[in-house]
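Presented below is the structure to which this report refers.
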Amino acid sequence: MPRSLGNIIADTLHFSIASAERLLIGIPPDRFARFARIGDTVIHSNHPAFIYGHLSLYAPRVLWQIGHPAPAMPEDFERLFSKDAACIDDPDGDLYPSMDVIADFFLEGHRMLLGALRSTPDEKLQQPNPADGRMKDLFPTLGSVQTFYCGGHMMIHLGQLSAWRRIQGLGAA
């Protein structure tokens with residue numbers, strides 16, 4: 001049975017979203033934007049707020065690139081969560097948006113993308129990647145770069161979250 005490129009990418013995204021939903025379970029909202037700790041040792045690695053916020057930037061970008069409407073980016077998300085932003089421990093809870101705001105935007109955008117990919121024609125996904133430099137060299141078509149964003153990129157960051165959970169004593173999801 002032949003499958004469209006959009007459906008193939010969406011299959012991977014479906015798995016990635018399900019993994020992201022499982023990993024959210026049991027995270028206390030007051031720890032969502034905190035670095036992990038082992039005793040007095042702070043682990044300077046991405047915390048859940050940064051991971052979900054960063055990943056949430058990509059669904060609107062992919063939707064736009066494949067010609068579908070995208071949810072409006074919440075204020076400050078680009079500044080707080082871009083690839084160039086630093087993940088900062090937020091003990092007072094006043095730097096990052098709440099867990100609900102970040103997780104809801106992440107899920108909304110990726111669920112929209114899941115449906116959009118399934119209806120995107122192969123011809124669209126065969127178009128050149130509009131990026132410049134290394135990203136275009138690595139992923140020359142829209143389909144190849146979207147496959148990366150919906151699978152490898154997301155799973156790299158969800159792996160960080162899996163380690164954060166274990167350090168926090170939350171265990172596997």
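Residue numbers start at 1 in each chain; chains themselves are named A, B, ... in the order of the structure tokens; ligands are numbered from 1 in the order shown.
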
Those in range 31-119 of chain A with helix (DSSP H, G or I) from DSSP, as a ChimeraX atom specification: /A:31,48-56,58-65,77-81,99-118

Find the residues around Asp100 in chain A up to 12 Å (only C-alpha atoms counted), leave out those fewer than 5 positions away in its own chain, and share them as a PyMOL selection string. chain A and resi 24+27-30+32-33+48-49+52-53+105-108

Show which residues sit within 10 Å of Gly151 in chain A, as number ranges by chain. Count only C-alpha atoms, and ignore same-chain residues fewer than 4 positions away. A: 9-17, 145-147, 155-156

Of the listed residues A:Met112, A:Asp104, A:Gln65, A:His54, that which approaches Ala85 in chain A most closely, counting only C-alpha atoms: A:His54

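Here CA of Ala103 in chain A is placed at a distance of 18.6 Å from CA of Gly115 in chain A.
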
Quick one: everything within 12 Å of Lys83 in chain A, counting only C-alpha atoms, minus sequence neighbours fewer than 3 positions away in the same chain. Send it as a PyMOL selection string. chain A and resi 46+50-51+53-58+77-80+86-87+153+157

Those residues you just picked out, can you put them in a file as a short mmCIF file (atom, residue, chain, number, x, y, z; two decimals), in the first residue's frame with N, CA and C atoms?
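Result file follows (again.cif):
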data_model
loop_
_atom_site.label_atom_id
_atom_site.label_comp_id
_atom_site.auth_asym_id
_atom_site.auth_seq_id
_atom_site.Cartn_x
_atom_site.Cartn_y
_atom_site.Cartn_z
N ASN A 46 18.67 21.42 29.94
CA ASN A 46 17.34 21.95 29.65
C ASN A 46 16.28 21.36 30.56
N PHE A 50 11.70 24.78 29.06
CA PHE A 50 12.49 25.15 27.89
C PHE A 50 12.31 24.13 26.76
N ILE A 51 12.29 22.87 27.11
CA ILE A 51 12.16 21.82 26.08
C ILE A 51 10.84 21.96 25.33
N GLY A 53 8.77 24.54 25.32
CA GLY A 53 8.69 25.85 24.69
C GLY A 53 9.49 25.90 23.40
N HIS A 54 10.70 25.36 23.43
CA HIS A 54 11.54 25.32 22.23
C HIS A 54 10.88 24.49 21.13
N LEU A 55 10.43 23.31 21.48
CA LEU A 55 9.80 22.46 20.46
C LEU A 55 8.52 23.08 19.91
N SER A 56 7.83 23.85 20.72
CA SER A 56 6.57 24.45 20.27
C SER A 56 6.77 25.46 19.15
N LEU A 57 7.98 25.99 19.01
CA LEU A 57 8.26 26.96 17.94
C LEU A 57 8.22 26.33 16.56
N TYR A 58 8.44 25.04 16.48
CA TYR A 58 8.62 24.40 15.18
C TYR A 58 7.31 24.03 14.49
N PHE A 77 7.59 33.90 23.27
CA PHE A 77 8.06 32.52 23.05
C PHE A 77 9.33 32.49 22.21
N GLU A 78 9.38 33.27 21.16
CA GLU A 78 10.57 33.25 20.29
C GLU A 78 11.80 33.69 21.08
N ARG A 79 11.68 34.73 21.86
CA ARG A 79 12.81 35.24 22.65
C ARG A 79 13.25 34.22 23.70
N LEU A 80 12.29 33.61 24.38
CA LEU A 80 12.60 32.69 25.47
C LEU A 80 13.10 31.33 25.01
N ALA A 86 19.13 30.85 25.97
CA ALA A 86 19.70 30.01 27.03
C ALA A 86 18.58 29.54 27.95
N CYS A 87 18.66 28.30 28.36
CA CYS A 87 17.74 27.76 29.35
C CYS A 87 18.19 28.27 30.71
N HIS A 153 14.67 15.79 15.81
CA HIS A 153 14.81 16.99 16.64
C HIS A 153 13.96 16.87 17.90
N HIS A 157 15.32 16.30 22.13
CA HIS A 157 14.92 17.09 23.28
C HIS A 157 14.08 16.29 24.28
#

Skipping near chain neighbours, those fewer than 3 positions away, what residues fall within 10 Å of Pro71 in chain A using only C-alpha atoms, listed as JSON, numbers by chain? {"A": [59, 60, 61, 63, 64, 74, 105, 108, 109, 110, 112]}

Picked from chain A by DSSP as strand (DSSP E), as a list in words: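 The residues of chain A classed as strand (DSSP E) are Ala36, Arg37, Ile38, Thr41, Val42 and Ile43 of chain A.
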